[in-house]
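Asks: One structure, as structure tokens, below. Some questions next.
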Amino acid sequence: MATAEAATYVERAIGHEGTSTLQQDISNPAKDAQKYADPSGATMKALVWMGKNKVEVVECPKPRIVEDRDVIVKVTGTTVCGSDLHLLHGAIQQMEKGDILGHEFCGVVESIGPKAMGKSVKVGDRVVASFQIACGECVYCKEKLSSQCERTSDNTIQTTMYGGRVAAIFGYSHFTGGFAGGQAEYVRVPYGDVNLLKLPDNVPDEKGLYLSDVLCTAWNAVLDTGVRKGHVVAIWGAGPVGQMTADFAFHCGASRVIVIDKNWRLDLLKTKYPNIETIDYTQLGKGESVTTRLHTMIHKGPDVCIECAAGEYAKGWAHYFEMLLGMETDTSEIINEMITSCKSFGSCGITGVYVGYTNHFNIGALMERGIRLIGNGQAPVHKYWHKLLKKVEDGEIDPLKMVTHRVLLEELDEVYHKFDKREDGMQKVFVQTKYSFAPAPGTPAVTKFKQ
């Protein structure tokens, strides 16, 4: 049995804490169709996890309203996130076969629970969902720190590991509540009057969708790590979050932005932002490191370093084997590179996903040089999405800069593996369902991978 699944049984044996206001572990309506499936018997397509490195598109029951503030959304657009690859690889614990994946989606409101009626949305509204599920009423939600909601996830292991819990997340394991995700034709949105944002007519799905996660995550990385006018910023990871973090760093006044990664993604960023500087860490000279290269580019190093990659990907053999043997869950290599690269008393932010424990952490450099190491946390979407929507409306932000493909939901299993292997120049996708609207002008045409 894979570790990702075994941890689920440990949690069941221990039992949830019992403090959530929502039912947990409804990761697919098929788990109990009498309770969770639409009484009409209608079905839908959805992408489900079927074990390490295996996902499938299946037919399963359409969800029903389970709790009074639920909203059922007919999905008109979804996407694949780099964080979804951690689920594919089995790096996130407490997965179960048949779990519906996906935490970024937009759509049309189809039905509303009795206690959500007459509030923020109505039937027929175009909406985008926040990737986290927040109650809107706890101490964190009142401060718009929605990713730290105290009332939607109820996982004992998470509380023990982290000293507290984070909000539930759509389609992201039972470790974060076990809620069915948005890579499907329909989604049940708990606290739908809180976790849905109405999209105006002048913002198409191909732009509004990304308010669900990536735009808010990148914006939070820049603001939370303290990027200011004139700063030199180094970013590890040239994926969609890294790309938009670079975009927003310039937006906030950075004088220089340097992105560290490998392969074609660096070239893609250069075509979008000619003033970006890049380092391909696979092409460094003998005896050269990312730190030494950065120190030759900037006297004393960057003012701000931001990690947009994740702790799953080991670069050296020591961390590779330690992770393989379960001696750590995350590598500290990029964190150490940031600490040694950053100027003294500079700031380093961690936005990529890290789930547990790491070895060989350079705490000495952190302390002696006064580096501010900041866990940016899961981005509090509710804090930012109104402001970012306005910026999208006004043309200050263009999410389409990162969108390279439009793909079909029924081919999403194939898309996962292409995205994982960085094939076909795939940076960020828009996933079309049978309910999607006609493509907006200037967006990619559909790419089909199956005959």
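Here's how to read the names in the structure tokens: chain A, B, ... by the order shown, residue numbers from 1 in each chain, ligand numbers from 1 in the order shown.
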Write out as a CSV table (one decimal) with C-alpha atoms, in the first residue's frame the residues lying within 6 Å of Asp68 in chain A, counting only C-alpha atoms and excluding same-chain residues fewer than 3 positions away.

Replies:
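Output contents, as saved in selection.csv:
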chain,number,residue,atom,x,y,z
A,113,GLY,CA,-28.8,25.6,-0.8
A,114,PRO,CA,-31.5,27.2,1.3
A,115,LYS,CA,-29.1,29.2,3.6

Asks: Need the shell around range 23-25 of chain A: protein/DNA/RNA residues with any atom at most 6 Å away, counting only C-alpha atoms. Skip same-chain ones fewer than 3 positions apart. Format as an mmCIF file with N, CA and C atoms, in the first residue's frame?

Replies:
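Saved file result.cif follows:
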data_model
loop_
_atom_site.group_PDB
_atom_site.id
_atom_site.type_symbol
_atom_site.label_atom_id
_atom_site.label_comp_id
_atom_site.auth_asym_id
_atom_site.auth_seq_id
_atom_site.Cartn_x
_atom_site.Cartn_y
_atom_site.Cartn_z
ATOM 1 N N GLY A 177 -9.272 17.712 4.083
ATOM 2 C CA GLY A 177 -10.719 17.622 4.208
ATOM 3 C C GLY A 177 -11.405 16.582 3.356
ATOM 4 N N GLY A 178 -10.790 16.189 2.252
ATOM 5 C CA GLY A 178 -11.402 15.170 1.407
ATOM 6 C C GLY A 178 -12.610 15.676 0.638
ATOM 7 N N PHE A 179 -12.486 16.839 -0.017
ATOM 8 C CA PHE A 179 -13.583 17.403 -0.800
ATOM 9 C C PHE A 179 -13.357 17.147 -2.285
#

Asks: A:Ile65, A:Ala168, A:Ile363, A:Val80: which is nearest Gln34 in chain A, counting only C-alpha atoms?

Replies: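 Of the candidates, the smallest distance to Gln34 in chain A is held by A:Ile65.
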
Asks: Run DSSP on the backbone and tell me which residues of range 67-237 of chain A come out as alpha helix (DSSP H); list them as an MDAnalysis selection string.

Replies: chainID A and resid 82:88 139:142 156:162 205:208 214:225

Asks: Extract, using only C-alpha atoms, all DNA, RNA and protein residues at most 9 Å from Asn263 in chain A, discarding same-chain residues fewer than 4 positions from it, and format them as a list in words.

Replies: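 My reading of the contact set: Asp267, Asp280, Thr282 and Arg422 of chain A.
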
Asks: Selection from above, C-alpha atoms, as a PDB file, in the first residue's frame, can you write it?

Replies:
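Wrote it out as again.pdb, contents follow:
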ATOM      1  CA  ASP A 267      12.937  30.721 -23.066  1.00  0.00           C
ATOM      2  CA  ASP A 280      19.642  27.509 -16.297  1.00  0.00           C
ATOM      3  CA  THR A 282      21.908  22.597 -15.632  1.00  0.00           C
ATOM      4  CA  ARG A 422       7.013  19.337 -19.583  1.00  0.00           C
TER       5      ARG A 422
END

Asks: Please determine, counting only C-alpha atoms, which residue among A:Lys198, A:Lys144, A:Ile374, A:Leu47 has the shortest atom-to-atom distance to Val109 in chain A.

Replies: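 Smallest distance to Val109 in chain A is found for A:Lys198.
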
Asks: Residues within 8 Å of range 437-447 of chain A, please, as a PyMOL selection string. Count only C-alpha atoms; anything in the same chain fewer than 4 positions from it doesn't count.

Replies: chain A and resi 76+204+206+400+403-408

Asks: Neighbouring residues of Val381 in chain A were defined as those with any atom within 7 Å, considering only C-alpha atoms; residues of the same chain fewer than 5 positions away were excluded. Please report them as a PDB file with N, CA, C and O atoms, in the first residue's frame.

Replies:
ATOM      1  N   SER A 130     -12.720  29.945  -5.107  1.00  0.00           N
ATOM      2  CA  SER A 130     -11.400  29.968  -4.474  1.00  0.00           C
ATOM      3  C   SER A 130     -10.968  28.518  -4.251  1.00  0.00           C
ATOM      4  O   SER A 130     -11.806  27.654  -3.982  1.00  0.00           O
ATOM      5  N   SER A 146      -8.347  33.574   4.423  1.00  0.00           N
ATOM      6  CA  SER A 146      -9.241  32.446   4.153  1.00  0.00           C
ATOM      7  C   SER A 146      -8.537  31.101   4.104  1.00  0.00           C
ATOM      8  O   SER A 146      -9.152  30.068   4.385  1.00  0.00           O
ATOM      9  N   ASP A 213      -6.573  30.495  -8.028  1.00  0.00           N
ATOM     10  CA  ASP A 213      -5.348  30.118  -7.330  1.00  0.00           C
ATOM     11  C   ASP A 213      -4.147  30.914  -7.812  1.00  0.00           C
ATOM     12  O   ASP A 213      -3.629  31.773  -7.105  1.00  0.00           O
ATOM     13  N   CYS A 216      -3.668  34.780  -7.310  1.00  0.00           N
ATOM     14  CA  CYS A 216      -3.619  35.137  -5.884  1.00  0.00           C
ATOM     15  C   CYS A 216      -2.354  34.595  -5.225  1.00  0.00           C
ATOM     16  O   CYS A 216      -1.762  35.257  -4.359  1.00  0.00           O
TER      17      CYS A 216
END

Asks: Taking 3 positions as the minimum chain separation for residues in the same chain, which residues sit within 7 Å of Ile72 in chain A when counting only C-alpha atoms? Answer as a VMD selection string.

Replies: chain A and resid 65 109 to 112 186 to 189

Asks: With all heavy atoms kept, could you save the residues just selected as a PDB file, in the first residue's frame?

Replies:
ATOM      1  N   ILE A  65     -26.809  18.923  -3.404  1.00  0.00           N
ATOM      2  CA  ILE A  65     -26.650  19.775  -2.235  1.00  0.00           C
ATOM      3  C   ILE A  65     -26.716  18.891  -0.997  1.00  0.00           C
ATOM      4  O   ILE A  65     -27.671  18.121  -0.801  1.00  0.00           O
ATOM      5  CB  ILE A  65     -27.729  20.867  -2.207  1.00  0.00           C
ATOM      6  CG1 ILE A  65     -27.413  21.909  -3.289  1.00  0.00           C
ATOM      7  CG2 ILE A  65     -27.826  21.527  -0.840  1.00  0.00           C
ATOM      8  CD1 ILE A  65     -28.487  22.956  -3.476  1.00  0.00           C
ATOM      9  N   VAL A 109     -23.565  28.965 -11.780  1.00  0.00           N
ATOM     10  CA  VAL A 109     -24.335  28.475 -10.633  1.00  0.00           C
ATOM     11  C   VAL A 109     -25.590  27.765 -11.132  1.00  0.00           C
ATOM     12  O   VAL A 109     -26.387  28.329 -11.886  1.00  0.00           O
ATOM     13  CB  VAL A 109     -24.725  29.639  -9.697  1.00  0.00           C
ATOM     14  CG1 VAL A 109     -25.666  29.143  -8.599  1.00  0.00           C
ATOM     15  CG2 VAL A 109     -23.477  30.271  -9.083  1.00  0.00           C
ATOM     16  N   GLU A 110     -25.731  26.497 -10.723  1.00  0.00           N
ATOM     17  CA  GLU A 110     -26.905  25.729 -11.140  1.00  0.00           C
ATOM     18  C   GLU A 110     -27.972  25.664 -10.055  1.00  0.00           C
ATOM     19  O   GLU A 110     -29.165  25.795 -10.326  1.00  0.00           O
ATOM     20  CB  GLU A 110     -26.505  24.305 -11.543  1.00  0.00           C
ATOM     21  CG  GLU A 110     -27.711  23.520 -12.036  1.00  0.00           C
ATOM     22  CD  GLU A 110     -27.372  22.112 -12.466  1.00  0.00           C
ATOM     23  OE1 GLU A 110     -27.219  21.251 -11.579  1.00  0.00           O
ATOM     24  OE2 GLU A 110     -27.288  21.875 -13.683  1.00  0.00           O
ATOM     25  N   SER A 111     -27.558  25.439  -8.806  1.00  0.00           N
ATOM     26  CA  SER A 111     -28.523  25.376  -7.716  1.00  0.00           C
ATOM     27  C   SER A 111     -27.869  25.851  -6.421  1.00  0.00           C
ATOM     28  O   SER A 111     -26.639  25.793  -6.275  1.00  0.00           O
ATOM     29  CB  SER A 111     -29.076  23.960  -7.545  1.00  0.00           C
ATOM     30  OG  SER A 111     -28.046  23.018  -7.299  1.00  0.00           O
ATOM     31  N   ILE A 112     -28.720  26.310  -5.485  1.00  0.00           N
ATOM     32  CA  ILE A 112     -28.225  26.951  -4.269  1.00  0.00           C
ATOM     33  C   ILE A 112     -28.957  26.390  -3.063  1.00  0.00           C
ATOM     34  O   ILE A 112     -30.187  26.262  -3.071  1.00  0.00           O
ATOM     35  CB  ILE A 112     -28.433  28.486  -4.336  1.00  0.00           C
ATOM     36  CG1 ILE A 112     -27.730  29.067  -5.563  1.00  0.00           C
ATOM     37  CG2 ILE A 112     -27.930  29.165  -3.071  1.00  0.00           C
ATOM     38  CD1 ILE A 112     -27.965  30.558  -5.770  1.00  0.00           C
ATOM     39  N   TYR A 186     -19.294  18.992 -12.787  1.00  0.00           N
ATOM     40  CA  TYR A 186     -20.040  19.668 -11.717  1.00  0.00           C
ATOM     41  C   TYR A 186     -19.234  19.599 -10.425  1.00  0.00           C
ATOM     42  O   TYR A 186     -18.488  18.639 -10.204  1.00  0.00           O
ATOM     43  CB  TYR A 186     -21.404  19.005 -11.475  1.00  0.00           C
ATOM     44  CG  TYR A 186     -22.413  19.201 -12.573  1.00  0.00           C
ATOM     45  CD1 TYR A 186     -22.512  18.287 -13.620  1.00  0.00           C
ATOM     46  CD2 TYR A 186     -23.274  20.299 -12.566  1.00  0.00           C
ATOM     47  CE1 TYR A 186     -23.440  18.460 -14.634  1.00  0.00           C
ATOM     48  CE2 TYR A 186     -24.210  20.475 -13.568  1.00  0.00           C
ATOM     49  CZ  TYR A 186     -24.290  19.556 -14.602  1.00  0.00           C
ATOM     50  OH  TYR A 186     -25.213  19.723 -15.606  1.00  0.00           O
ATOM     51  N   VAL A 187     -19.409  20.608  -9.575  1.00  0.00           N
ATOM     52  CA  VAL A 187     -18.761  20.615  -8.267  1.00  0.00           C
ATOM     53  C   VAL A 187     -19.754  21.102  -7.214  1.00  0.00           C
ATOM     54  O   VAL A 187     -20.512  22.058  -7.447  1.00  0.00           O
ATOM     55  CB  VAL A 187     -17.522  21.547  -8.232  1.00  0.00           C
ATOM     56  CG1 VAL A 187     -16.813  21.443  -6.880  1.00  0.00           C
ATOM     57  CG2 VAL A 187     -16.556  21.228  -9.349  1.00  0.00           C
ATOM     58  N   ARG A 188     -19.724  20.445  -6.068  1.00  0.00           N
ATOM     59  CA  ARG A 188     -20.440  20.958  -4.897  1.00  0.00           C
ATOM     60  C   ARG A 188     -19.503  21.897  -4.148  1.00  0.00           C
ATOM     61  O   ARG A 188     -18.407  21.501  -3.749  1.00  0.00           O
ATOM     62  CB  ARG A 188     -20.860  19.799  -3.979  1.00  0.00           C
ATOM     63  CG  ARG A 188     -21.618  20.257  -2.722  1.00  0.00           C
ATOM     64  CD  ARG A 188     -21.974  19.074  -1.842  1.00  0.00           C
ATOM     65  NE  ARG A 188     -20.791  18.505  -1.196  1.00  0.00           N
ATOM     66  CZ  ARG A 188     -20.350  18.865   0.020  1.00  0.00           C
ATOM     67  NH1 ARG A 188     -20.975  19.815   0.702  1.00  0.00           N
ATOM     68  NH2 ARG A 188     -19.284  18.271   0.525  1.00  0.00           N
ATOM     69  N   VAL A 189     -19.928  23.139  -3.964  1.00  0.00           N
ATOM     70  CA  VAL A 189     -19.106  24.141  -3.292  1.00  0.00           C
ATOM     71  C   VAL A 189     -19.677  24.409  -1.892  1.00  0.00           C
ATOM     72  O   VAL A 189     -20.694  25.085  -1.758  1.00  0.00           O
ATOM     73  CB  VAL A 189     -19.054  25.457  -4.098  1.00  0.00           C
ATOM     74  CG1 VAL A 189     -18.200  26.498  -3.376  1.00  0.00           C
ATOM     75  CG2 VAL A 189     -18.511  25.201  -5.499  1.00  0.00           C
TER      76      VAL A 189
END

Asks: Give me the residues within 6 Å of range 296-312 of chain A as a PyMOL selection string, counting only C-alpha atoms and dropping any in the same chain fewer than 3 places off.

Replies: chain A and resi 231-237+242+293+330-331+338+341-343+346-354
